[in-house]
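Here is the file structure.txt (compact mmCIF, C-alpha atoms).
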```txt
# COMPACT_ATOMS: atom_id res chain seq x y z
CA MET A 1 163.55 81.93 100.85
CA PRO A 2 161.55 83.19 97.85
CA SER A 3 163.00 85.22 95.00
CA PRO A 4 161.43 88.16 93.17
CA THR A 5 160.36 85.91 90.27
CA PRO A 6 156.85 87.00 89.12
CA GLN A 7 155.54 83.43 88.88
CA ILE A 8 157.01 80.09 89.78
CA SER A 9 155.80 76.55 89.22
CA PRO A 10 154.12 74.56 92.01
CA GLU A 11 157.08 72.17 92.06
CA GLU A 12 159.56 75.03 92.57
CA ALA A 13 157.38 76.59 95.26
CA VAL A 14 157.15 73.32 97.18
CA ARG A 15 160.90 72.80 96.82
CA ARG A 16 161.52 76.20 98.41
CA VAL A 17 159.17 75.47 101.31
CA ALA A 18 160.82 72.09 101.91
CA GLN A 19 164.24 73.76 101.93
CA ALA A 20 162.97 76.38 104.36
CA ARG A 21 161.63 73.62 106.63
CA GLU A 22 165.03 71.93 106.75
CA ALA A 23 166.70 75.24 107.59
CA LEU A 24 164.09 76.04 110.27
CA VAL A 25 164.44 72.63 111.92
CA GLY A 26 168.23 73.02 111.87
CA GLU A 27 168.08 76.40 113.59
CA ILE A 28 165.54 75.22 116.19
CA HIS A 29 167.68 72.17 116.95
CA LYS A 30 170.51 74.48 117.93
CA VAL A 31 168.47 75.11 121.08
CA ILE A 32 165.91 72.29 121.27
CA ILE A 33 167.33 68.77 121.45
CA GLY A 34 165.02 66.05 120.13
CA GLN A 35 161.25 66.72 120.14
CA ASP A 36 161.07 66.28 116.35
CA GLU A 37 157.33 65.56 116.39
CA MET A 38 156.58 68.69 118.42
CA ILE A 39 158.65 70.88 116.08
CA GLU A 40 157.01 69.45 112.95
CA GLN A 41 153.51 69.91 114.32
CA MET A 42 154.28 73.50 115.35
CA LEU A 43 155.53 74.25 111.83
CA ILE A 44 152.40 72.64 110.35
CA CYS A 45 150.28 74.86 112.58
CA VAL A 46 152.17 77.99 111.51
CA PHE A 47 151.94 77.27 107.77
CA ALA A 48 148.28 76.20 108.05
CA ARG A 49 147.43 79.47 109.83
CA GLY A 50 146.25 77.78 113.02
CA HIS A 51 146.80 77.88 116.77
CA CYS A 52 148.21 75.07 118.88
CA LEU A 53 147.98 73.83 122.46
CA THR A 54 151.08 72.10 123.85
CA ILE A 55 150.65 69.79 126.82
CA GLY A 56 153.53 68.42 128.84
CA VAL A 57 155.10 68.33 132.28
CA PRO A 58 157.41 71.19 133.33
CA GLY A 59 160.92 71.24 131.92
CA LEU A 60 160.21 69.82 128.46
CA ALA A 61 161.09 73.09 126.66
CA LYS A 62 157.55 74.06 125.64
CA THR A 63 158.15 77.76 126.22
CA LEU A 64 161.69 77.65 124.83
CA ALA A 65 160.49 75.90 121.66
CA VAL A 66 157.93 78.62 120.92
CA SER A 67 160.35 81.50 121.55
CA THR A 68 163.02 79.78 119.41
CA LEU A 69 160.51 79.27 116.60
CA ALA A 70 159.68 82.99 116.73
CA GLN A 71 163.40 83.81 116.41
CA ALA A 72 163.83 81.47 113.43
CA LEU A 73 160.80 83.03 111.73
CA HIS A 74 161.92 86.57 112.63
CA LEU A 75 158.50 87.36 114.11
CA LYS A 76 157.52 89.52 117.06
CA PHE A 77 157.06 87.33 120.14
CA THR A 78 155.29 88.00 123.43
CA ARG A 79 154.76 85.74 126.42
CA ILE A 80 151.75 86.04 128.71
CA GLN A 81 151.97 84.21 132.02
CA PHE A 82 148.38 83.26 132.87
CA THR A 83 147.57 83.60 136.56
CA PRO A 84 144.29 83.63 138.54
CA ASP A 85 144.38 87.43 138.87
CA LEU A 86 145.01 88.14 135.17
CA MET A 87 142.35 90.42 133.67
CA PRO A 88 141.11 90.52 130.04
CA SER A 89 142.56 94.03 129.64
CA ASP A 90 145.98 92.64 130.61
CA ILE A 91 145.82 90.69 127.34
CA THR A 92 143.99 92.96 124.90
CA GLY A 93 145.05 96.36 126.22
CA THR A 94 143.16 99.27 127.74
CA GLU A 95 142.26 102.91 127.20
CA ILE A 96 143.97 105.55 129.32
CA ILE A 97 143.37 109.29 129.64
CA ASP A 98 146.00 111.54 128.11
CA GLN A 99 146.21 115.21 128.92
CA ASP A 100 147.75 117.75 126.59
CA GLN A 101 150.21 119.75 128.67
CA ALA A 102 149.78 122.87 126.52
CA THR A 103 145.98 123.05 126.30
CA GLY A 104 144.94 120.88 129.22
CA GLN A 105 142.59 118.98 126.90
CA ARG A 106 142.04 115.34 127.80
CA SER A 107 141.48 112.43 125.43
CA PHE A 108 141.46 108.65 125.50
CA ARG A 109 144.41 106.72 124.10
CA PHE A 110 144.45 102.97 123.51
CA VAL A 111 147.49 101.17 124.90
CA ARG A 112 147.94 97.88 123.09
CA GLY A 113 148.26 94.70 125.13
CA PRO A 114 150.63 91.79 124.56
CA VAL A 115 148.18 90.10 122.18
CA PHE A 116 149.34 92.58 119.53
CA SER A 117 152.18 90.40 118.37
CA ASN A 118 152.89 87.75 115.73
CA ILE A 119 153.42 84.78 118.04
CA VAL A 120 151.69 84.93 121.43
CA LEU A 121 152.68 82.36 124.02
CA ALA A 122 149.80 81.80 126.46
CA ASP A 123 151.78 80.11 129.22
CA GLU A 124 149.70 77.82 131.47
CA ILE A 125 146.48 79.04 129.93
CA ASN A 126 144.35 76.94 132.29
CA ARG A 127 145.55 78.91 135.34
CA THR A 128 143.31 81.90 134.63
CA PRO A 129 139.49 82.18 134.93
CA PRO A 130 137.22 81.61 131.90
CA LYS A 131 136.51 85.33 131.52
CA THR A 132 140.18 86.01 130.84
CA GLN A 133 140.55 82.88 128.71
CA ALA A 134 137.67 84.16 126.58
CA ALA A 135 139.59 87.37 125.88
CA LEU A 136 141.65 85.33 123.45
CA LEU A 137 138.63 83.94 121.57
CA GLN A 138 138.02 86.91 119.29
CA ALA A 139 141.74 87.33 118.67
CA MET A 140 142.16 83.67 117.75
CA GLN A 141 139.10 83.45 115.53
CA GLU A 142 138.78 86.91 114.00
CA HIS A 143 142.39 88.17 114.31
CA GLU A 144 141.12 91.36 115.93
CA VAL A 145 140.17 92.65 119.38
CA THR A 146 137.42 95.01 120.50
CA VAL A 147 138.02 97.40 123.40
CA ALA A 148 135.56 100.09 124.50
CA GLY A 149 133.56 99.64 121.31
CA ASN A 150 136.54 100.07 119.01
CA THR A 151 137.92 97.18 116.94
CA TYR A 152 141.64 96.87 116.38
CA PRO A 153 143.04 94.40 113.79
CA LEU A 154 146.00 92.18 114.60
CA ALA A 155 148.86 92.31 112.13
CA PRO A 156 149.39 89.04 110.24
CA PRO A 157 150.82 86.52 110.65
CA PHE A 158 149.25 85.84 114.05
CA PHE A 159 149.44 82.67 116.11
CA VAL A 160 148.49 81.72 119.65
CA MET A 161 150.54 78.90 121.12
CA ALA A 162 149.32 77.89 124.56
CA THR A 163 150.83 75.55 127.14
CA GLN A 164 149.28 73.36 129.83
CA ASN A 165 150.69 71.26 132.63
CA PRO A 166 148.80 67.92 132.73
CA ILE A 167 149.87 67.02 136.27
CA GLU A 168 149.02 69.79 138.71
CA GLN A 169 145.31 70.55 138.33
CA GLU A 170 144.67 72.24 141.70
CA GLY A 171 143.57 75.82 141.19
CA THR A 172 143.13 75.48 137.43
CA TYR A 173 140.22 76.34 135.15
CA PRO A 174 139.76 73.73 132.39
CA LEU A 175 139.37 75.30 128.98
CA PRO A 176 135.74 75.24 127.76
CA GLU A 177 135.01 73.17 124.67
CA ALA A 178 134.35 76.30 122.60
CA GLN A 179 137.85 77.59 123.23
CA LEU A 180 139.50 74.18 122.85
CA ASP A 181 137.93 73.93 119.39
CA ARG A 182 139.72 77.14 118.35
CA PHE A 183 143.05 75.37 118.65
CA MET A 184 143.94 73.55 115.45
CA LEU A 185 146.29 71.08 117.14
CA SER A 186 146.85 69.65 120.60
CA ILE A 187 150.47 68.54 120.90
CA ASN A 188 151.46 66.07 123.59
CA ILE A 189 155.12 66.38 124.58
CA GLY A 190 156.83 63.37 126.10
CA TYR A 191 160.09 62.88 127.97
CA PRO A 192 163.34 62.84 125.96
CA THR A 193 165.30 59.65 125.42
CA ARG A 194 168.31 58.93 127.63
CA SER A 195 170.79 60.07 124.99
CA GLU A 196 168.77 63.24 124.33
CA GLU A 197 168.54 63.99 128.05
CA ARG A 198 172.30 63.57 128.44
CA GLU A 199 172.83 65.99 125.55
CA ILE A 200 170.36 68.46 127.09
CA VAL A 201 172.23 68.43 130.40
CA MET A 202 175.60 68.92 128.69
CA ALA A 203 174.32 71.77 126.51
CA THR A 204 172.55 73.69 129.29
CA THR A 205 175.25 73.52 131.96
CA GLN A 206 177.91 75.49 130.10
CA THR A 207 178.38 79.15 129.32
CA SER A 208 177.99 79.11 125.53
CA ARG A 209 174.55 79.85 124.11
CA PRO A 210 173.80 79.10 120.46
CA GLU A 211 172.58 81.93 118.26
CA VAL A 212 169.42 81.25 116.27
CA ARG A 213 169.59 82.71 112.75
CA PRO A 214 166.37 84.01 111.15
CA VAL A 215 165.39 81.79 108.23
CA LEU A 216 162.09 83.37 107.13
CA HIS A 217 160.32 86.67 107.60
CA GLY A 218 156.67 87.59 108.03
CA GLN A 219 155.99 88.01 104.30
CA ASP A 220 157.55 84.59 103.62
CA VAL A 221 155.21 82.99 106.14
CA LEU A 222 152.17 84.68 104.61
CA TRP A 223 153.25 83.49 101.15
CA ALA A 224 153.62 79.91 102.40
CA GLN A 225 150.20 80.07 104.08
CA GLN A 226 148.63 81.10 100.79
CA LEU A 227 150.48 78.28 99.04
CA VAL A 228 149.09 75.72 101.51
CA ARG A 229 145.54 76.70 100.54
CA GLN A 230 146.35 75.94 96.90
CA VAL A 231 147.65 72.43 97.53
CA PRO A 232 145.14 70.05 95.89
CA ALA A 233 143.32 67.46 98.01
CA SER A 234 141.46 64.73 96.15
CA ARG A 235 137.91 63.68 96.94
CA HIS A 236 139.38 60.44 98.26
CA VAL A 237 141.45 62.32 100.87
CA VAL A 238 138.63 64.69 101.86
CA ASP A 239 136.18 61.79 102.24
CA TYR A 240 138.68 59.96 104.44
CA ALA A 241 139.01 62.97 106.76
CA VAL A 242 135.23 63.38 106.91
CA ASP A 243 134.73 59.66 107.66
CA LEU A 244 137.28 59.82 110.50
CA ALA A 245 135.58 62.85 112.04
CA ARG A 246 132.09 61.36 111.72
CA ALA A 247 133.23 58.09 113.27
CA THR A 248 134.01 59.91 116.52
CA ARG A 249 130.38 60.91 117.16
CA PRO A 250 128.69 58.37 119.44
CA LYS A 251 125.17 59.43 118.45
CA GLU A 252 125.80 59.18 114.70
CA PRO A 253 124.93 55.92 112.85
CA PRO A 254 128.39 55.51 111.19
CA SER A 255 130.25 55.45 114.52
CA PRO A 256 131.64 52.04 115.65
CA ASP A 257 130.33 50.34 118.77
CA PHE A 258 133.45 51.10 120.81
CA VAL A 259 132.94 54.81 120.12
CA LYS A 260 129.39 54.60 121.45
CA ASN A 261 130.73 52.78 124.50
CA TRP A 262 133.74 55.01 125.27
CA LEU A 263 132.95 58.54 124.07
CA ALA A 264 130.48 61.03 125.49
CA TRP A 265 131.02 63.53 122.69
CA GLY A 266 132.80 63.55 119.36
CA ALA A 267 134.47 66.02 117.01
CA GLY A 268 132.65 68.70 115.04
CA PRO A 269 133.16 69.78 111.41
CA ARG A 270 136.32 71.73 112.29
CA ALA A 271 138.10 68.41 112.84
CA ALA A 272 137.79 67.34 109.19
CA GLN A 273 138.69 70.85 108.03
CA TYR A 274 141.84 70.92 110.15
CA MET A 275 142.86 67.38 109.20
CA VAL A 276 142.78 68.31 105.50
CA LEU A 277 144.43 71.70 106.07
CA GLY A 278 147.12 70.17 108.28
CA ALA A 279 147.66 67.41 105.72
CA LYS A 280 148.21 70.05 103.03
CA ALA A 281 150.79 71.86 105.17
CA ARG A 282 152.51 68.57 105.99
CA ALA A 283 152.67 67.65 102.31
CA ILE A 284 154.46 70.81 101.19
CA LEU A 285 156.78 70.76 104.20
CA HIS A 286 157.90 67.35 102.98
CA GLY A 287 158.26 68.51 99.37
CA ARG A 288 154.99 67.21 97.89
CA PHE A 289 152.29 69.22 96.10
CA ALA A 290 149.54 66.65 96.71
CA VAL A 291 147.94 65.26 99.85
CA SER A 292 147.81 61.56 100.67
CA ALA A 293 145.74 59.57 103.14
CA GLU A 294 148.93 59.08 105.16
CA ASP A 295 149.07 62.86 105.70
CA VAL A 296 145.52 62.74 107.07
CA ARG A 297 146.37 59.85 109.39
CA ALA A 298 149.40 61.76 110.69
CA MET A 299 147.15 64.70 111.56
CA ALA A 300 144.41 62.64 113.21
CA TYR A 301 145.99 62.51 116.68
CA PRO A 302 146.80 66.23 117.19
CA VAL A 303 143.54 67.35 115.54
CA LEU A 304 141.15 64.96 117.32
CA ARG A 305 142.89 64.68 120.70
CA HIS A 306 141.24 67.72 122.30
CA ARG A 307 137.92 67.30 120.51
CA LEU A 308 136.94 63.89 121.91
CA PHE A 309 135.59 63.42 125.42
CA THR A 310 135.65 60.02 127.09
CA ASN A 311 132.86 58.82 129.38
CA PHE A 312 132.79 56.79 132.60
CA ASN A 313 133.09 53.48 130.75
CA ALA A 314 136.38 54.51 129.15
CA ASP A 315 137.72 55.89 132.42
CA ALA A 316 136.79 52.69 134.25
CA GLU A 317 138.59 50.59 131.62
CA GLY A 318 141.66 52.84 131.58
CA ILE A 319 141.07 53.98 127.99
CA ASP A 320 142.42 57.39 127.03
CA VAL A 321 141.67 59.54 123.99
CA ASP A 322 144.78 58.52 122.05
CA GLN A 323 143.79 54.86 122.36
CA VAL A 324 140.34 55.68 120.98
CA ILE A 325 141.90 57.54 118.03
CA GLU A 326 144.23 54.61 117.34
CA LYS A 327 141.28 52.22 117.24
CA ILE A 328 139.33 54.59 114.97
CA LEU A 329 142.26 54.69 112.53
CA GLN A 330 142.36 50.89 112.56
CA THR A 331 138.59 50.61 112.03
CA VAL A 332 137.72 53.32 109.50
CA PRO A 333 138.90 52.27 106.00
CA GLU A 334 140.00 54.63 103.29
CA PRO A 335 137.01 55.34 101.03
CA SER A 336 136.76 53.23 97.91
CA TYR A 337 134.72 53.99 94.83
CA GLY A 338 133.97 50.45 93.78
CA GLU A 339 137.30 49.83 92.09
CA ALA A 340 139.53 47.00 93.23
CA LEU A 341 142.62 48.34 91.45
CA PRO A 342 141.93 51.75 89.92
CA SER A 343 143.68 52.49 86.68
CA LYS A 344 146.20 55.28 86.28
CA SER A 345 143.62 57.38 84.43
CA ALA A 346 141.04 56.84 87.18
CA ARG A 347 143.53 57.86 89.85
CA ALA A 348 144.34 60.97 87.86
CA GLU A 349 140.64 61.88 87.73
CA ARG A 350 140.40 61.70 91.52
CA GLN A 351 143.41 63.95 92.00
CA PRO A 352 142.64 67.56 91.05
CA PRO A 353 145.32 69.12 88.87
CA PRO A 354 147.71 71.57 90.52
CA PRO A 355 147.14 75.25 89.80
CA ARG A 356 148.98 76.66 86.82
CA SER A 357 150.71 79.22 89.01
CA VAL A 358 151.25 79.78 92.69
CA PRO A 359 151.19 82.96 94.79
CA THR A 360 153.83 85.47 93.83
CA PRO A 361 156.70 85.05 96.29
CA PRO A 362 157.75 88.09 98.32
CA PRO A 363 161.09 89.76 97.71
CA PRO A 364 164.07 88.48 99.69
CA GLY A 365 164.02 89.55 103.32
CA GLY A 366 160.45 90.78 103.02
```
Could you write out this structure as structure tokens?
Amino acid sequence: MPSPTPQISPEEAVRRVAQAREALVGEIHKVIIGQDEMIEQMLICVFARGHCLTIGVPGLAKTLAVSTLAQALHLKFTRIQFTPDLMPSDITGTEIIDQDQATGQRSFRFVRGPVFSNIVLADEINRTPPKTQAALLQAMQEHEVTVAGNTYPLAPPFFVMATQNPIEQEGTYPLPEAQLDRFMLSINIGYPTRSEEREIVMATTQTSRPEVRPVLHGQDVLWAQQLVRQVPASRHVVDYAVDLARATRPKEPPSPDFVKNWLAWGAGPRAAQYMVLGAKARAILHGRFAVSAEDVRAMAYPVLRHRLFTNFNADAEGIDVDQVIEKILQTVPEPSYGEALPSKSARAERQPPPPRSVPTPPPPGG
């Protein structure tokens, strides 16, 4: 994607990212039919340097989507099948005793676990006990693991993409709130349309298998992640994300009455951070070097979905989390600064200027 040009303009950088997005989506769609929203939110998560939790019934290509994304990004991919007997060392790795055949001297050697990868698929993460689930916490937050007192860094880029089955809950261990909060996005995957399902059946019942071509490499992804952090977000946009997050807290004065009635607990500060960061990634993926309130609204569902907890009143009325988020978006207005129709100069003051230069792009095929 990038060229060896020392410096490029923000507009050119965003154009390259948007082109890369189109190429990535095209390659993924060779294997995955439909599921446009899931693919876009996964790409947002990758470019925003986050982790995502995908929730859907079996057979909706959750695992296939992650492995195909890893192929298109040319990143190392590992899959961990979470089971009740999985141990923390099965994820992080363990120390073994090596013996030198010549001298007979013994020493410890660390054998790296499957977490030492670029994209880690935690398949059915809620099927393993909390102790093993917690083995991912340090890796997800600090991008490193500690075994036997020694700390080992994880090579960037690093993402954890976990899956859950929302139907069969027997023998599962619900993720604790602390670990749920580590996931930037929670992606709900629905059934395909009839035409998509017909195409899926036709494509998967024949011998030919499409080949996914690598579009980006690890250095390209790191460059794009750095670019996302430089995308400007105005005070107007940041305030809107903060107001949405604060409106979810039933014990806070700004929260609407229906929030106090339906929610037991609301979102913490990470929600506003991730809404702004996800909005920045969404903006550049769509070829824009500025964030709008629409970008924040688009990120509200996947960011807030796993951070809000309904109470008995909501359950009794058949209200789910997505319905609460929808009502919050309808209720919380975009912040205004006392101007009915702000002038062009006033709007320019609210929008911070783009940086004069962007991160130096890596060489081709880096």
Which residues of stretch 308-338 of chain A come within 12 Å of stretch 229-249 of chain A, and for each one, what is the closest pair of atoms and their distance in Å to one decimal, counting only C-alpha atoms, sorted by chain and residue number, as CSV?
```
residue,atom,partner,partner_atom,distance
A:Leu308,CA,A:Thr248,CA,7.3
A:Phe309,CA,A:Thr248,CA,9.7
A:Thr310,CA,A:Thr248,CA,10.7
A:Val321,CA,A:Thr248,CA,10.7
A:Val324,CA,A:Thr248,CA,8.8
A:Ile325,CA,A:Thr248,CA,8.4
A:Glu326,CA,A:Leu244,CA,11.1
A:Lys327,CA,A:Thr248,CA,10.6
A:Ile328,CA,A:Leu244,CA,7.2
A:Leu329,CA,A:Leu244,CA,7.4
A:Gln330,CA,A:Leu244,CA,10.5
A:Thr331,CA,A:Ala247,CA,9.3
A:Val332,CA,A:Leu244,CA,6.6
A:Pro333,CA,A:Tyr240,CA,7.8
A:Glu334,CA,A:Tyr240,CA,5.6
A:Pro335,CA,A:Tyr240,CA,6.0
A:Ser336,CA,A:His236,CA,7.7
A:Tyr337,CA,A:His236,CA,8.7
```
Checklist line | Point-to-point distance in Å for atom CA of A:Leu137 and atom CA of A:Ile44 | finding: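 Between atom CA of A:Ile44 and atom CA of A:Leu137 the gap is 21.1 Å.
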Check: Could you work out how far atom CA of A:Ile200 lies from atom CA of A:Lys76, giving the answer in Å with one decimal?
Finding: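 Value for the atom CA of A:Lys76-atom CA of A:Ile200 distance: 26.6 Å.
Each of A:Ile189, A:Asp295, A:Thr94, A:Trp265 was checked against A:Asn311 using only C-alpha atoms; the smallest atom-to-atom distance is that of A:Trp265.
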Note to self: Report, in Å with one decimal, the straight-line distance from atom CA of A:Gly56 to atom CA of A:Val259.
What the structure shows: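 It comes out at 26.2 Å.
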Can you patch up stretch 130-147 of chain A, filling it in to N, CA and C atoms, and show the result as a short mmCIF file (atom, residue, chain, number, x, y, z; two decimals), in the frame of the given file?
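Everything below was put into rebuild_12.cif:
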```cif
data_model
loop_
_atom_site.label_atom_id
_atom_site.label_comp_id
_atom_site.auth_asym_id
_atom_site.auth_seq_id
_atom_site.Cartn_x
_atom_site.Cartn_y
_atom_site.Cartn_z
N PRO A 130 137.79 81.64 133.26
CA PRO A 130 137.22 81.61 131.90
C PRO A 130 137.03 82.98 131.28
N LYS A 131 136.72 83.99 132.07
CA LYS A 131 136.51 85.33 131.52
C LYS A 131 137.78 85.84 130.83
N THR A 132 138.92 85.58 131.44
CA THR A 132 140.18 86.01 130.84
C THR A 132 140.57 85.10 129.69
N GLN A 133 140.30 83.80 129.83
CA GLN A 133 140.55 82.88 128.71
C GLN A 133 139.77 83.33 127.48
N ALA A 134 138.53 83.77 127.70
CA ALA A 134 137.67 84.16 126.58
C ALA A 134 138.18 85.41 125.87
N ALA A 135 139.06 86.18 126.54
CA ALA A 135 139.59 87.37 125.88
C ALA A 135 140.41 87.01 124.65
N LEU A 136 140.89 85.78 124.61
CA LEU A 136 141.65 85.33 123.45
C LEU A 136 140.77 84.86 122.30
N LEU A 137 139.49 84.57 122.58
CA LEU A 137 138.63 83.94 121.57
C LEU A 137 138.52 84.78 120.31
N GLN A 138 138.19 86.07 120.47
CA GLN A 138 138.02 86.91 119.29
C GLN A 138 139.34 87.06 118.56
N ALA A 139 140.44 87.20 119.31
CA ALA A 139 141.74 87.33 118.67
C ALA A 139 142.09 86.09 117.87
N MET A 140 141.82 84.91 118.43
CA MET A 140 142.16 83.67 117.75
C MET A 140 141.30 83.42 116.53
N GLN A 141 140.03 83.76 116.62
CA GLN A 141 139.10 83.45 115.53
C GLN A 141 139.06 84.55 114.48
N GLU A 142 138.99 85.80 114.93
CA GLU A 142 138.78 86.91 114.00
C GLU A 142 140.05 87.70 113.72
N HIS A 143 141.13 87.43 114.46
CA HIS A 143 142.39 88.17 114.31
C HIS A 143 142.17 89.67 114.54
N GLU A 144 141.36 89.98 115.54
CA GLU A 144 141.12 91.36 115.93
C GLU A 144 140.61 91.37 117.37
N VAL A 145 140.70 92.52 118.03
CA VAL A 145 140.17 92.65 119.38
C VAL A 145 139.31 93.90 119.44
N THR A 146 138.32 93.87 120.32
CA THR A 146 137.42 95.01 120.50
C THR A 146 137.54 95.50 121.93
N VAL A 147 137.87 96.78 122.09
CA VAL A 147 138.02 97.40 123.40
C VAL A 147 137.25 98.71 123.39
#
```
